[in-house]
Amino acid sequence: MSEIEKVAKIFPCSQSETLAQAIAESYGIPLGKVNRLNFSDGEFQPSFEESVRGTRVFIIGSTHPSSDNLMEMLLMLDAAKRSSARHITAVMPYFGWARQDRKDKPRVPIAPKMVAKMLETAGATRIITMDLHADQIQGFFEKPVDHLYASTIFLPYLKNLNLDNLTVASPDMGGSKRAYAYSKFLQSDVVICYKQRAKANVISHMELIGDVTGKNVVLVDDLVDTAGTLTHAANLMIERGAKTVRAVCTHPVLSGNAYEKLENSKLEELIVTDSIPLRQQSSKIKVVSSATLFADVMKAVHHNKSISSKFLM
């Protein structure tokens, strides 16, 4: 490997600058220089302010709505490709638009498949992401995908809480696999919430499968959006005799009046990563950093080393 091929450079998209800075510090290299020119009509143009020719480039940016975040990632990838970068890795702590991963009714798109194609067309030669909404989204890509799990961060945190009578819970049937994986590591019981929706983001009915009496419950999910499911589940569990209820959710989307719902709920604590920056602070939200995890994996990828040690489950 030549000297120039040994070089790795990390560049941030604007929505993930704080996380990118932390990742660069953990990696041990300075954050690359990027300029963003904004036009009056809303169009913008990112540009690298240093050479990337022949290097491995890591572009860090979560693609949560608005669509500007995805568009910025695509433009950065294209700029790196046209600047002759040798390897271009899209580091997407949160892979947005992933909830439309199948046709659940006629005449609807499969959004993450479309996004995958756009990322590859723009120039991505590898994807690093964390806790996809559905594991099979990896199959939408023709390029290598390193799918990380926030359990690597959350499980040690939960262990250190030393909760007695611990029970892991899934807020819906779809998350039962994740809940069972956590329970296996924590050697705890599992309960499942069964919910019915009147429409998207609106729960019409929720029922609890399992006993939570006298238990310290930990709800696990990949993301928290409106916080309706989590707060509804937490309140239900306290009504059913749970001692405490806390939640771990990788991606704090927290849209609408989610912060207000959290403050007014029986939820003791919401533990999230910094994959998406918080819109506001909350006494109930604890943020654990994913910077070291991403930095270690990026370094291993750059030096063609295994990343299997980064998976706890």
# chains A, B, ... in the order shown; residues from 1 in each chain; ligands from 1
$ select_by_dssp --residues "segment 51-218 of chain A" --states "strand (DSSP E)" --output "number ranges by chain"
A: 56-60, 87-92, 126-130, 145-148, 166-170, 189-199, 202-209, 216-218
$ write_last_selection --atoms "N, CA and C atoms" --output "tab-separated table (two decimals), in the first residue's frame"
chain	number	residue	atom	x	y	z
A	56	ARG	N	-8.84	7.30	1.10
A	56	ARG	CA	-10.11	6.74	1.56
A	56	ARG	C	-10.87	7.85	2.28
A	57	VAL	N	-12.06	8.11	1.82
A	57	VAL	CA	-12.88	9.18	2.37
A	57	VAL	C	-14.05	8.59	3.15
A	58	PHE	N	-14.24	9.06	4.38
A	58	PHE	CA	-15.42	8.73	5.18
A	58	PHE	C	-16.29	9.98	5.25
A	59	ILE	N	-17.51	9.89	4.78
A	59	ILE	CA	-18.44	11.01	4.83
A	59	ILE	C	-19.52	10.68	5.85
A	60	ILE	N	-19.60	11.48	6.90
A	60	ILE	CA	-20.49	11.18	8.02
A	60	ILE	C	-21.73	12.05	7.97
A	87	HIS	N	-11.48	5.29	-2.20
A	87	HIS	CA	-12.58	4.59	-1.54
A	87	HIS	C	-13.49	5.65	-0.92
A	88	ILE	N	-14.79	5.48	-1.07
A	88	ILE	CA	-15.75	6.46	-0.54
A	88	ILE	C	-16.76	5.73	0.32
A	89	THR	N	-16.68	5.95	1.62
A	89	THR	CA	-17.57	5.28	2.56
A	89	THR	C	-18.60	6.25	3.12
A	90	ALA	N	-19.87	5.93	2.92
A	90	ALA	CA	-20.95	6.71	3.52
A	90	ALA	C	-21.20	6.18	4.92
A	91	VAL	N	-20.88	6.98	5.92
A	91	VAL	CA	-21.10	6.61	7.32
A	91	VAL	C	-22.41	7.27	7.74
A	92	MET	N	-23.44	6.43	7.88
A	92	MET	CA	-24.79	6.93	8.14
A	92	MET	C	-25.28	6.39	9.48
A	126	ARG	N	-18.92	1.85	-0.03
A	126	ARG	CA	-19.18	1.09	1.19
A	126	ARG	C	-20.14	1.90	2.06
A	127	ILE	N	-20.94	1.20	2.84
A	127	ILE	CA	-21.87	1.85	3.76
A	127	ILE	C	-21.59	1.35	5.18
A	128	ILE	N	-21.51	2.28	6.12
A	128	ILE	CA	-21.46	1.93	7.53
A	128	ILE	C	-22.67	2.59	8.19
A	129	THR	N	-23.50	1.78	8.84
A	129	THR	CA	-24.69	2.33	9.47
A	129	THR	C	-24.96	1.59	10.78
A	130	MET	N	-26.00	2.03	11.49
A	130	MET	CA	-26.27	1.44	12.80
A	130	MET	C	-27.77	1.21	12.98
A	145	VAL	N	-21.98	-3.54	3.21
A	145	VAL	CA	-22.63	-2.79	4.28
A	145	VAL	C	-22.14	-3.32	5.63
A	146	ASP	N	-21.62	-2.44	6.45
A	146	ASP	CA	-21.26	-2.79	7.83
A	146	ASP	C	-22.40	-2.30	8.72
A	147	HIS	N	-23.20	-3.24	9.19
A	147	HIS	CA	-24.39	-2.91	9.99
A	147	HIS	C	-24.05	-3.07	11.46
A	148	LEU	N	-23.88	-1.96	12.16
A	148	LEU	CA	-23.50	-1.98	13.57
A	148	LEU	C	-24.75	-1.99	14.45
A	166	LEU	N	-35.01	-7.50	36.66
A	166	LEU	CA	-35.00	-6.84	35.34
A	166	LEU	C	-35.82	-7.64	34.33
A	167	THR	N	-36.62	-6.93	33.56
A	167	THR	CA	-37.37	-7.51	32.46
A	167	THR	C	-37.19	-6.65	31.22
A	168	VAL	N	-36.88	-7.28	30.10
A	168	VAL	CA	-36.75	-6.57	28.83
A	168	VAL	C	-38.09	-6.63	28.10
A	169	ALA	N	-38.47	-5.52	27.49
A	169	ALA	CA	-39.76	-5.46	26.80
A	169	ALA	C	-39.61	-4.91	25.40
A	170	SER	N	-40.44	-5.41	24.51
A	170	SER	CA	-40.53	-4.86	23.16
A	170	SER	C	-41.84	-4.07	23.06
A	189	ASP	N	-36.21	-11.84	31.92
A	189	ASP	CA	-37.46	-12.21	31.28
A	189	ASP	C	-37.78	-11.24	30.14
A	190	VAL	N	-38.79	-11.61	29.35
A	190	VAL	CA	-39.21	-10.78	28.22
A	190	VAL	C	-40.73	-10.62	28.26
A	191	VAL	N	-41.18	-9.40	27.98
A	191	VAL	CA	-42.61	-9.16	27.75
A	191	VAL	C	-42.76	-8.41	26.43
A	192	ILE	N	-43.90	-8.56	25.81
A	192	ILE	CA	-44.16	-7.97	24.49
A	192	ILE	C	-45.44	-7.13	24.55
A	193	CYS	N	-45.40	-5.98	23.91
A	193	CYS	CA	-46.62	-5.18	23.77
A	193	CYS	C	-47.23	-5.45	22.40
A	194	TYR	N	-48.52	-5.66	22.41
A	194	TYR	CA	-49.26	-5.85	21.15
A	194	TYR	C	-50.09	-4.59	20.92
A	195	LYS	N	-49.85	-3.92	19.80
A	195	LYS	CA	-50.57	-2.67	19.55
A	195	LYS	C	-51.29	-2.73	18.21
A	196	GLN	N	-52.36	-1.97	18.14
A	196	GLN	CA	-53.09	-1.77	16.90
A	196	GLN	C	-53.13	-0.28	16.61
A	197	ARG	N	-52.91	0.06	15.34
A	197	ARG	CA	-52.88	1.47	14.96
A	197	ARG	C	-54.15	1.85	14.21
A	198	ALA	N	-54.68	3.03	14.52
A	198	ALA	CA	-55.78	3.58	13.75
A	198	ALA	C	-55.24	4.11	12.42
A	199	LYS	N	-54.03	4.70	12.46
A	199	LYS	CA	-53.30	5.17	11.29
A	199	LYS	C	-51.86	5.38	11.72
A	202	VAL	N	-50.58	6.74	15.25
A	202	VAL	CA	-51.73	6.83	16.16
A	202	VAL	C	-52.11	5.43	16.63
A	203	ILE	N	-51.99	5.15	17.94
A	203	ILE	CA	-52.30	3.84	18.51
A	203	ILE	C	-53.76	3.82	18.95
A	204	SER	N	-54.50	2.82	18.50
A	204	SER	CA	-55.91	2.68	18.91
A	204	SER	C	-56.05	1.76	20.12
A	205	HIS	N	-55.14	0.78	20.25
A	205	HIS	CA	-55.25	-0.18	21.35
A	205	HIS	C	-53.88	-0.82	21.60
A	206	MET	N	-53.57	-1.06	22.88
A	206	MET	CA	-52.33	-1.75	23.24
A	206	MET	C	-52.61	-2.75	24.35
A	207	GLU	N	-52.03	-3.92	24.23
A	207	GLU	CA	-52.17	-4.96	25.24
A	207	GLU	C	-50.79	-5.51	25.59
A	208	LEU	N	-50.64	-5.99	26.80
A	208	LEU	CA	-49.35	-6.49	27.29
A	208	LEU	C	-49.36	-8.01	27.36
A	209	ILE	N	-48.33	-8.63	26.77
A	209	ILE	CA	-48.17	-10.08	26.82
A	209	ILE	C	-47.03	-10.39	27.79
A	216	ASN	N	-38.38	-4.16	37.16
A	216	ASN	CA	-37.75	-3.00	36.53
A	216	ASN	C	-37.67	-3.30	35.04
A	217	VAL	N	-38.46	-2.58	34.26
A	217	VAL	CA	-38.63	-2.89	32.84
A	217	VAL	C	-37.76	-1.99	31.98
A	218	VAL	N	-37.13	-2.59	30.97
A	218	VAL	CA	-36.38	-1.84	29.96
A	218	VAL	C	-36.98	-2.12	28.59
$ select_by_dssp --residues "segment 40-150 of chain A" --states "helix (DSSP H, G or I)" --output "number ranges by chain"
A: 67-82, 111-122, 135-140
$ closest_residue --among "A:Leu230, A:Ile10, A:Val253, A:Leu31" --to "Pro65 of chain A" --atoms "only C-alpha atoms"
A:Val253
$ closest_atom_pairs --of "segment 114-230 of chain A" --to "segment 259-276 of chain A" --cutoff "12 Å" --atoms "only C-alpha atoms" --output "CSV"
residue,atom,partner,partner_atom,distance
A:Thr129,CA,A:Ser275,CA,9.7
A:Met130,CA,A:Ser275,CA,8.5
A:Asp131,CA,A:Ser275,CA,10.2
A:Leu132,CA,A:Ser275,CA,11.9
A:Tyr149,CA,A:Thr273,CA,11.0
A:Ala150,CA,A:Thr273,CA,7.7
A:Ser151,CA,A:Thr273,CA,10.5
A:Thr152,CA,A:Thr273,CA,11.3
A:Ile153,CA,A:Thr273,CA,8.5
A:Phe154,CA,A:Ile271,CA,8.1
A:Leu155,CA,A:Ile271,CA,11.2
A:Tyr157,CA,A:Ile271,CA,9.3
A:Leu158,CA,A:Ile271,CA,9.7
A:Leu161,CA,A:Glu269,CA,11.9
A:Asn216,CA,A:Glu268,CA,10.2
A:Val217,CA,A:Leu267,CA,9.9
A:Val218,CA,A:Glu269,CA,9.5
A:Leu219,CA,A:Leu270,CA,9.2
A:Val220,CA,A:Ile271,CA,9.6
A:Asp221,CA,A:Val272,CA,10.0
A:Asp222,CA,A:Val272,CA,9.5
A:Leu223,CA,A:Val272,CA,8.6
A:Val224,CA,A:Val272,CA,9.0
A:Asp225,CA,A:Tyr259,CA,10.1
A:Thr226,CA,A:Lys261,CA,8.3
A:Ala227,CA,A:Lys261,CA,6.7
A:Gly228,CA,A:Lys261,CA,7.3
A:Thr229,CA,A:Lys261,CA,10.3
A:Leu230,CA,A:Leu267,CA,8.1
$ atom_distance --atom1 "atom CA of Asn235 of chain A" --atom2 "atom CA of Lys215 of chain A"
13.8 Å
$ residues_around --residues "Ser66 of chain A" --least-positions-apart "3" --cutoff "12 Å" --atoms "only C-alpha atoms" --output "JSON, numbers by chain"
{"A": [15, 62, 63, 69, 70, 71, 72, 96, 97, 253, 255]}
$ write_last_selection --atoms "all heavy atoms" --output "PDB file, in the first residue's frame"
ATOM      1  N   GLN A  15     -25.561  18.179   9.205  1.00  0.00           N
ATOM      2  CA  GLN A  15     -26.461  17.722  10.263  1.00  0.00           C
ATOM      3  C   GLN A  15     -25.760  16.847  11.287  1.00  0.00           C
ATOM      4  O   GLN A  15     -26.333  16.541  12.336  1.00  0.00           O
ATOM      5  CB  GLN A  15     -27.664  16.970   9.666  1.00  0.00           C
ATOM      6  CG  GLN A  15     -27.357  15.591   9.112  1.00  0.00           C
ATOM      7  CD  GLN A  15     -26.824  15.634   7.688  1.00  0.00           C
ATOM      8  OE1 GLN A  15     -26.433  16.679   7.178  1.00  0.00           O
ATOM      9  NE2 GLN A  15     -26.833  14.501   7.024  1.00  0.00           N
ATOM     10  N   SER A  62     -26.186  11.530   9.033  1.00  0.00           N
ATOM     11  CA  SER A  62     -27.459  10.827   9.147  1.00  0.00           C
ATOM     12  C   SER A  62     -28.456  11.422   8.158  1.00  0.00           C
ATOM     13  O   SER A  62     -28.402  12.614   7.857  1.00  0.00           O
ATOM     14  CB  SER A  62     -28.008  10.936  10.579  1.00  0.00           C
ATOM     15  OG  SER A  62     -27.236  10.146  11.460  1.00  0.00           O
ATOM     16  N   THR A  63     -29.361  10.591   7.672  1.00  0.00           N
ATOM     17  CA  THR A  63     -30.260  11.036   6.600  1.00  0.00           C
ATOM     18  C   THR A  63     -31.709  11.093   7.070  1.00  0.00           C
ATOM     19  O   THR A  63     -32.626  10.736   6.338  1.00  0.00           O
ATOM     20  CB  THR A  63     -30.131  10.120   5.368  1.00  0.00           C
ATOM     21  OG1 THR A  63     -30.364   8.763   5.767  1.00  0.00           O
ATOM     22  CG2 THR A  63     -28.763  10.223   4.754  1.00  0.00           C
ATOM     23  N   ASN A  69     -31.010  16.469   4.189  1.00  0.00           N
ATOM     24  CA  ASN A  69     -29.934  15.678   4.787  1.00  0.00           C
ATOM     25  C   ASN A  69     -29.484  14.557   3.859  1.00  0.00           C
ATOM     26  O   ASN A  69     -28.281  14.296   3.721  1.00  0.00           O
ATOM     27  CB  ASN A  69     -30.388  15.104   6.127  1.00  0.00           C
ATOM     28  CG  ASN A  69     -30.631  16.184   7.161  1.00  0.00           C
ATOM     29  OD1 ASN A  69     -30.007  17.243   7.123  1.00  0.00           O
ATOM     30  ND2 ASN A  69     -31.545  15.933   8.089  1.00  0.00           N
ATOM     31  N   LEU A  70     -30.439  13.907   3.215  1.00  0.00           N
ATOM     32  CA  LEU A  70     -30.104  12.885   2.229  1.00  0.00           C
ATOM     33  C   LEU A  70     -29.443  13.512   1.013  1.00  0.00           C
ATOM     34  O   LEU A  70     -28.442  12.996   0.503  1.00  0.00           O
ATOM     35  CB  LEU A  70     -31.365  12.114   1.807  1.00  0.00           C
ATOM     36  CG  LEU A  70     -31.204  11.110   0.658  1.00  0.00           C
ATOM     37  CD1 LEU A  70     -30.165  10.049   0.987  1.00  0.00           C
ATOM     38  CD2 LEU A  70     -32.549  10.460   0.338  1.00  0.00           C
ATOM     39  N   MET A  71     -29.968  14.627   0.562  1.00  0.00           N
ATOM     40  CA  MET A  71     -29.421  15.296  -0.621  1.00  0.00           C
ATOM     41  C   MET A  71     -27.977  15.745  -0.374  1.00  0.00           C
ATOM     42  O   MET A  71     -27.123  15.627  -1.256  1.00  0.00           O
ATOM     43  CB  MET A  71     -30.287  16.504  -0.983  1.00  0.00           C
ATOM     44  CG  MET A  71     -29.956  17.113  -2.332  1.00  0.00           C
ATOM     45  SD  MET A  71     -30.334  15.950  -3.672  1.00  0.00           S
ATOM     46  CE  MET A  71     -29.562  16.773  -5.061  1.00  0.00           C
ATOM     47  N   GLU A  72     -27.695  16.217   0.820  1.00  0.00           N
ATOM     48  CA  GLU A  72     -26.329  16.642   1.134  1.00  0.00           C
ATOM     49  C   GLU A  72     -25.369  15.456   1.090  1.00  0.00           C
ATOM     50  O   GLU A  72     -24.258  15.567   0.556  1.00  0.00           O
ATOM     51  CB  GLU A  72     -26.270  17.318   2.499  1.00  0.00           C
ATOM     52  CG  GLU A  72     -24.888  17.875   2.826  1.00  0.00           C
ATOM     53  CD  GLU A  72     -24.842  18.620   4.141  1.00  0.00           C
ATOM     54  OE1 GLU A  72     -25.835  18.591   4.897  1.00  0.00           O
ATOM     55  OE2 GLU A  72     -23.793  19.228   4.425  1.00  0.00           O
ATOM     56  N   GLY A  96     -32.055   7.015   7.140  1.00  0.00           N
ATOM     57  CA  GLY A  96     -33.426   7.484   7.077  1.00  0.00           C
ATOM     58  C   GLY A  96     -34.229   6.875   5.940  1.00  0.00           C
ATOM     59  O   GLY A  96     -33.693   6.189   5.077  1.00  0.00           O
ATOM     60  N   TRP A  97     -35.527   7.110   5.948  1.00  0.00           N
ATOM     61  CA  TRP A  97     -36.470   6.624   4.943  1.00  0.00           C
ATOM     62  C   TRP A  97     -36.577   5.098   4.943  1.00  0.00           C
ATOM     63  O   TRP A  97     -36.992   4.495   3.966  1.00  0.00           O
ATOM     64  CB  TRP A  97     -36.085   7.138   3.534  1.00  0.00           C
ATOM     65  CG  TRP A  97     -35.895   8.615   3.485  1.00  0.00           C
ATOM     66  CD1 TRP A  97     -34.713   9.286   3.698  1.00  0.00           C
ATOM     67  CD2 TRP A  97     -36.889   9.617   3.277  1.00  0.00           C
ATOM     68  NE1 TRP A  97     -34.915  10.641   3.629  1.00  0.00           N
ATOM     69  CE2 TRP A  97     -36.257  10.880   3.355  1.00  0.00           C
ATOM     70  CE3 TRP A  97     -38.258   9.574   3.021  1.00  0.00           C
ATOM     71  CZ2 TRP A  97     -36.934  12.080   3.201  1.00  0.00           C
ATOM     72  CZ3 TRP A  97     -38.937  10.771   2.863  1.00  0.00           C
ATOM     73  CH2 TRP A  97     -38.277  12.001   2.953  1.00  0.00           C
ATOM     74  N   VAL A 253     -35.421  10.320  16.900  1.00  0.00           N
ATOM     75  CA  VAL A 253     -36.064  11.168  15.894  1.00  0.00           C
ATOM     76  C   VAL A 253     -36.874  12.258  16.596  1.00  0.00           C
ATOM     77  O   VAL A 253     -36.768  13.440  16.270  1.00  0.00           O
ATOM     78  CB  VAL A 253     -36.976  10.317  14.972  1.00  0.00           C
ATOM     79  CG1 VAL A 253     -37.685  11.213  13.966  1.00  0.00           C
ATOM     80  CG2 VAL A 253     -36.151   9.246  14.261  1.00  0.00           C
ATOM     81  N   SER A 255     -40.077  13.600  16.900  1.00  0.00           N
ATOM     82  CA  SER A 255     -40.785  14.609  16.121  1.00  0.00           C
ATOM     83  C   SER A 255     -42.064  15.043  16.835  1.00  0.00           C
ATOM     84  O   SER A 255     -42.485  14.426  17.816  1.00  0.00           O
ATOM     85  CB  SER A 255     -41.127  14.050  14.737  1.00  0.00           C
ATOM     86  OG  SER A 255     -42.001  12.942  14.846  1.00  0.00           O
TER      87      SER A 255
END
$ closest_residue --among "A:Leu236, A:Cys13, A:Ala247, A:Leu119" --to "Asp68 of chain A" --atoms "only C-alpha atoms"
A:Cys13
$ closest_atom_pairs --of "segment 13-129 of chain A" --to "segment 285-308 of chain A" --cutoff "7 Å" --atoms "only C-alpha atoms" --output "JSON lines"
{"residue": "A:Leu19", "atom": "CA", "partner": "A:Ala291", "partner_atom": "CA", "distance": 6.5}
{"residue": "A:Ala22", "atom": "CA", "partner": "A:Ala291", "partner_atom": "CA", "distance": 5.7}
{"residue": "A:Ile23", "atom": "CA", "partner": "A:Ala291", "partner_atom": "CA", "distance": 4.5}
{"residue": "A:Ser26", "atom": "CA", "partner": "A:Thr292", "partner_atom": "CA", "distance": 5.7}
{"residue": "A:Tyr27", "atom": "CA", "partner": "A:Ala295", "partner_atom": "CA", "distance": 5.0}
$ write_last_selection --atoms "all heavy atoms" --output "CSV table (one decimal), in the first residue's frame"
chain,number,residue,atom,x,y,z
A,19,LEU,N,-21.2,14.9,16.0
A,19,LEU,CA,-20.8,13.5,16.0
A,19,LEU,C,-19.5,13.3,15.2
A,19,LEU,O,-18.6,12.5,15.6
A,19,LEU,CB,-21.9,12.7,15.5
A,19,LEU,CG,-21.7,11.2,15.4
A,19,LEU,CD1,-21.2,10.6,16.8
A,19,LEU,CD2,-22.9,10.4,14.9
A,22,ALA,N,-16.5,14.3,17.1
A,22,ALA,CA,-16.2,13.3,18.1
A,22,ALA,C,-15.6,12.0,17.5
A,22,ALA,O,-14.6,11.4,18.1
A,22,ALA,CB,-17.4,12.9,18.9
A,23,ILE,N,-16.1,11.6,16.4
A,23,ILE,CA,-15.5,10.4,15.7
A,23,ILE,C,-14.1,10.7,15.3
A,23,ILE,O,-13.2,9.8,15.5
A,23,ILE,CB,-16.4,10.0,14.5
A,23,ILE,CG1,-17.8,9.5,15.0
A,23,ILE,CG2,-15.7,9.0,13.6
A,23,ILE,CD1,-18.8,9.2,13.8
A,26,SER,N,-11.8,10.5,18.2
A,26,SER,CA,-11.6,9.1,18.7
A,26,SER,C,-10.7,8.4,17.7
A,26,SER,O,-9.9,7.5,18.1
A,26,SER,CB,-12.9,8.4,18.8
A,26,SER,OG,-12.8,7.1,19.3
A,27,TYR,N,-10.9,8.7,16.4
A,27,TYR,CA,-10.0,8.0,15.3
A,27,TYR,C,-8.6,8.5,15.4
A,27,TYR,O,-7.7,7.7,15.2
A,27,TYR,CB,-10.6,8.4,14.0
A,27,TYR,CG,-10.1,7.6,12.8
A,27,TYR,CD1,-10.9,6.6,12.2
A,27,TYR,CD2,-8.8,7.8,12.3
A,27,TYR,CE1,-10.4,5.8,11.1
A,27,TYR,CE2,-8.3,7.0,11.2
A,27,TYR,CZ,-9.1,6.1,10.7
A,27,TYR,OH,-8.6,5.3,9.6
$ closest_residue --among "A:Arg240, A:Arg279, A:Lys113, A:Arg53" --to "Lys81 of chain A" --atoms "only C-alpha atoms"
A:Arg53
